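Student: Contents of structure.pdb (PDB, C-alpha atoms):
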```
MODEL        1
ATOM      1  CA  MET A   1     -31.988 -43.584  -2.405  1.00  0.00           C
ATOM      2  CA  ILE A   2     -32.460 -41.703   0.876  1.00  0.00           C
ATOM      3  CA  SER A   3     -30.847 -44.532   2.832  1.00  0.00           C
ATOM      4  CA  THR A   4     -27.797 -44.306   0.538  1.00  0.00           C
ATOM      5  CA  ILE A   5     -27.451 -40.580   1.243  1.00  0.00           C
ATOM      6  CA  ILE A   6     -27.772 -41.124   4.976  1.00  0.00           C
ATOM      7  CA  LEU A   7     -25.173 -43.900   4.906  1.00  0.00           C
ATOM      8  CA  GLN A   8     -22.779 -41.700   2.926  1.00  0.00           C
ATOM      9  CA  ALA A   9     -23.249 -38.849   5.366  1.00  0.00           C
ATOM     10  CA  ALA A  10     -22.607 -41.125   8.318  1.00  0.00           C
ATOM     11  CA  GLY A  11     -19.555 -42.714   6.675  1.00  0.00           C
ATOM     12  CA  GLY A  12     -16.035 -41.974   7.832  1.00  0.00           C
ATOM     13  CA  GLY A  13     -14.859 -40.168   4.698  1.00  0.00           C
ATOM     14  CA  SER A  14     -11.440 -38.686   4.424  1.00  0.00           C
ATOM     15  CA  MET A  15     -10.295 -35.420   5.900  1.00  0.00           C
ATOM     16  CA  LEU A  16      -9.586 -34.147   2.397  1.00  0.00           C
ATOM     17  CA  SER A  17     -13.201 -34.603   1.270  1.00  0.00           C
ATOM     18  CA  THR A  18     -14.415 -32.339   4.078  1.00  0.00           C
ATOM     19  CA  LEU A  19     -11.609 -29.825   3.852  1.00  0.00           C
ATOM     20  CA  VAL A  20     -11.825 -29.078   0.107  1.00  0.00           C
ATOM     21  CA  PRO A  21     -15.410 -27.711   0.166  1.00  0.00           C
ATOM     22  CA  MET A  22     -14.587 -25.501   3.154  1.00  0.00           C
ATOM     23  CA  VAL A  23     -11.548 -24.048   1.381  1.00  0.00           C
ATOM     24  CA  LEU A  24     -13.610 -23.430  -1.750  1.00  0.00           C
ATOM     25  CA  ILE A  25     -16.276 -21.627   0.289  1.00  0.00           C
ATOM     26  CA  MET A  26     -13.618 -19.395   1.861  1.00  0.00           C
ATOM     27  CA  VAL A  27     -12.099 -18.567  -1.538  1.00  0.00           C
ATOM     28  CA  VAL A  28     -15.501 -17.658  -2.978  1.00  0.00           C
ATOM     29  CA  PHE A  29     -16.281 -15.589   0.129  1.00  0.00           C
ATOM     30  CA  TYR A  30     -13.013 -13.689  -0.279  1.00  0.00           C
ATOM     31  CA  PHE A  31     -13.517 -12.851  -3.962  1.00  0.00           C
ATOM     32  CA  PHE A  32     -17.193 -11.906  -3.669  1.00  0.00           C
ATOM     33  CA  MET A  33     -17.307 -10.204  -0.270  1.00  0.00           C
ATOM     34  CA  ILE A  34     -13.959  -9.070   1.129  1.00  0.00           C
ATOM     35  CA  ARG A  35     -12.034  -7.999  -1.966  1.00  0.00           C
ATOM     36  CA  PRO A  36     -14.736  -5.664  -3.376  1.00  0.00           C
ATOM     37  CA  GLN A  37     -15.129  -4.014   0.039  1.00  0.00           C
ATOM     38  CA  VAL A  38     -11.386  -3.339   0.278  1.00  0.00           C
ATOM     39  CA  LYS A  39     -11.407  -1.864  -3.242  1.00  0.00           C
ATOM     40  CA  LYS A  40     -14.365   0.373  -2.369  1.00  0.00           C
ATOM     41  CA  ALA A  41     -12.608   1.652   0.776  1.00  0.00           C
ATOM     42  CA  LYS A  42      -9.443   2.350  -1.218  1.00  0.00           C
ATOM     43  CA  ASP A  43     -11.409   4.297  -3.863  1.00  0.00           C
ATOM     44  CA  HIS A  44     -13.177   6.351  -1.158  1.00  0.00           C
ATOM     45  CA  LYS A  45      -9.870   7.221   0.494  1.00  0.00           C
ATOM     46  CA  LYS A  46      -8.505   8.383  -2.872  1.00  0.00           C
ATOM     47  CA  LEU A  47     -11.653  10.478  -3.478  1.00  0.00           C
ATOM     48  CA  VAL A  48     -11.318  12.230  -0.109  1.00  0.00           C
ATOM     49  CA  GLU A  49      -7.600  12.922  -0.646  1.00  0.00           C
ATOM     50  CA  GLU A  50      -8.278  14.570  -4.032  1.00  0.00           C
ATOM     51  CA  LEU A  51     -10.893  17.017  -2.700  1.00  0.00           C
ATOM     52  CA  LYS A  52      -9.947  20.674  -2.429  1.00  0.00           C
ATOM     53  CA  LYS A  53     -11.529  23.978  -1.416  1.00  0.00           C
ATOM     54  CA  GLY A  54     -14.377  25.012  -3.680  1.00  0.00           C
ATOM     55  CA  ASP A  55     -15.382  21.468  -4.677  1.00  0.00           C
ATOM     56  CA  LYS A  56     -19.073  20.678  -4.490  1.00  0.00           C
ATOM     57  CA  ILE A  57     -19.799  17.512  -2.533  1.00  0.00           C
ATOM     58  CA  VAL A  58     -22.616  15.320  -1.262  1.00  0.00           C
ATOM     59  CA  THR A  59     -22.392  13.769   2.199  1.00  0.00           C
ATOM     60  CA  THR A  60     -23.613  10.324   3.226  1.00  0.00           C
ATOM     61  CA  ALA A  61     -26.577  12.105   4.867  1.00  0.00           C
ATOM     62  CA  GLY A  62     -27.509  13.607   1.483  1.00  0.00           C
ATOM     63  CA  ILE A  63     -26.446  17.162   2.276  1.00  0.00           C
ATOM     64  CA  HIS A  64     -25.160  19.082  -0.745  1.00  0.00           C
ATOM     65  CA  GLY A  65     -22.576  21.783  -0.199  1.00  0.00           C
ATOM     66  CA  ARG A  66     -19.286  23.397  -1.170  1.00  0.00           C
ATOM     67  CA  ILE A  67     -16.017  22.899   0.721  1.00  0.00           C
ATOM     68  CA  VAL A  68     -14.967  26.130   2.445  1.00  0.00           C
ATOM     69  CA  ASP A  69     -12.211  24.892   4.760  1.00  0.00           C
ATOM     70  CA  MET A  70     -10.316  21.652   5.293  1.00  0.00           C
ATOM     71  CA  ASN A  71      -8.650  20.091   8.323  1.00  0.00           C
ATOM     72  CA  ASP A  72      -6.766  16.836   8.765  1.00  0.00           C
ATOM     73  CA  THR A  73      -9.947  14.970   9.645  1.00  0.00           C
ATOM     74  CA  THR A  74     -12.811  17.355   8.838  1.00  0.00           C
ATOM     75  CA  PHE A  75     -14.307  19.587   6.149  1.00  0.00           C
ATOM     76  CA  LEU A  76     -16.226  22.813   6.652  1.00  0.00           C
ATOM     77  CA  ILE A  77     -19.074  22.787   4.148  1.00  0.00           C
ATOM     78  CA  GLU A  78     -21.176  25.774   3.104  1.00  0.00           C
ATOM     79  CA  VAL A  79     -24.753  24.845   2.280  1.00  0.00           C
ATOM     80  CA  GLU A  80     -27.732  26.877   1.018  1.00  0.00           C
ATOM     81  CA  GLY A  81     -28.107  30.314   2.581  1.00  0.00           C
ATOM     82  CA  GLY A  82     -24.493  30.574   3.741  1.00  0.00           C
ATOM     83  CA  THR A  83     -24.883  28.068   6.580  1.00  0.00           C
ATOM     84  CA  LYS A  84     -21.632  26.299   7.409  1.00  0.00           C
ATOM     85  CA  ILE A  85     -21.478  22.753   8.764  1.00  0.00           C
ATOM     86  CA  ARG A  86     -18.405  20.781   9.809  1.00  0.00           C
ATOM     87  CA  PHE A  87     -18.278  17.129   8.681  1.00  0.00           C
ATOM     88  CA  ASP A  88     -15.826  14.309   9.197  1.00  0.00           C
ATOM     89  CA  LYS A  89     -13.982  13.299   6.027  1.00  0.00           C
ATOM     90  CA  THR A  90     -15.485   9.820   6.201  1.00  0.00           C
ATOM     91  CA  ALA A  91     -18.962  11.362   5.721  1.00  0.00           C
ATOM     92  CA  ILE A  92     -18.190  12.449   2.153  1.00  0.00           C
ATOM     93  CA  SER A  93     -20.102  10.336  -0.330  1.00  0.00           C
ATOM     94  CA  LEU A  94     -19.661  11.970  -3.722  1.00  0.00           C
ATOM     95  CA  ASP A  95     -17.655  14.679  -5.434  1.00  0.00           C
ATOM     96  CA  ALA A  96     -20.461  16.535  -7.204  1.00  0.00           C
ATOM     97  CA  THR A  97     -17.991  18.721  -9.107  1.00  0.00           C
ATOM     98  CA  LYS A  98     -16.676  15.701 -11.024  1.00  0.00           C
ATOM     99  CA  ALA A  99     -20.072  13.993 -11.226  1.00  0.00           C
ATOM    100  CA  ALA A 100     -21.698  17.047 -12.835  1.00  0.00           C
ATOM    101  CA  ALA A 101     -18.875  17.710 -15.301  1.00  0.00           C
ATOM    102  CA  PRO A 102     -19.757  16.479 -18.782  1.00  0.00           C
ATOM    103  CA  LYS A 103     -17.464  13.809 -20.136  1.00  0.00           C
ATOM    104  CA  VAL A 104     -15.679  14.792 -23.300  1.00  0.00           C
ATOM    105  CA  THR A 105     -15.585  12.098 -25.938  1.00  0.00           C
ATOM    106  CA  GLU A 106     -13.800  12.257 -29.238  1.00  0.00           C
ATOM    107  CA  ALA A 107     -15.741  11.880 -32.441  1.00  0.00           C
ATOM    108  CA  PRO A 108     -14.780   8.771 -34.385  1.00  0.00           C
ATOM    109  CA  LYS A 109     -12.330   9.472 -37.184  1.00  0.00           C
ATOM    110  CA  ALA A 110     -13.658   8.819 -40.643  1.00  0.00           C
TER
ENDMDL
END
```
Hey, can you dump this file as structure tokens for me?
Tutor:
Amino acid sequence: MISTIILQAAGGGSMLSTLVPMVLIMVVFYFFMIRPQVKKAKDHKKLVEELKKGDKIVTTAGIHGRIVDMNDTTFLIEVEGGTKIRFDKTAISLDATKAAAPKVTEAPKA
């Protein structure tokens, strides 16, 4: 049995038999690794574009605050005690205003 496997591995084989598994691996890699990452980046960009003054946010560092001022690339965030910190827009992790808002659901019609 082992000698058969070794002989098959050493055999010439066709180019197609080696190319098909490689293509399948690349397709699987694309759908499970690359595509979800692109979707996540797109969603984050949309989140940052929708933020406005007064929104409560959480940064990637875990700092909670409220947006006081906005620039093209940065936010000025007011945290506890009136302290203001400037963050890059890419450091925004979560819009706490939307996350804390209760979702309204309709009661089923009888």
Student: Could you state the separation of atom CA of A:Asp88 and atom CA of A:Pro36 in Å, given to one decimal place?
Tutor: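 According to the coordinates, atom CA of A:Asp88 and atom CA of A:Pro36 are separated by 23.6 Å.
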Student: To test your reading of the syntax: which residues would the PyMOL selection byres ((chain A and resi 47) around 12) return for the file shown? Reply as a VMD selection string.
Tutor: chain A and resid 40 to 46 48 to 52 55 57 89 to 99
Student: Just so the selection is clear, what residues does the PyMOL selection byres ((chain A and resi 67) around 9) cover here, as a PyMOL selection string?
Tutor: chain A and resi 51-57+65-66+68-70+75-78
Student: Enter the distance from atom CA of A:Ala61 to atom CA of A:Arg86, in Å, rounded to one decimal.
Tutor: 12.9 Å
Student: To one decimal in Å, tell me the separation between atom CA of A:Gln37 and atom CA of A:Val20.
Tutor: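 Going from atom CA of A:Gln37 over to atom CA of A:Val20 covers 25.3 Å.
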Student: Would you compute, for all listed atoms of stretch 14-32 of chain A, the axis-aligned bounding box grown by 6 Å on each side, and then report its centre and edge lengths in Å rounded to one decimal, as JSON?
Tutor:
```
{"center_x": -13.4, "center_y": -25.3, "center_z": 1.0, "size_x": 19.6, "size_y": 38.8, "size_z": 21.9}
```
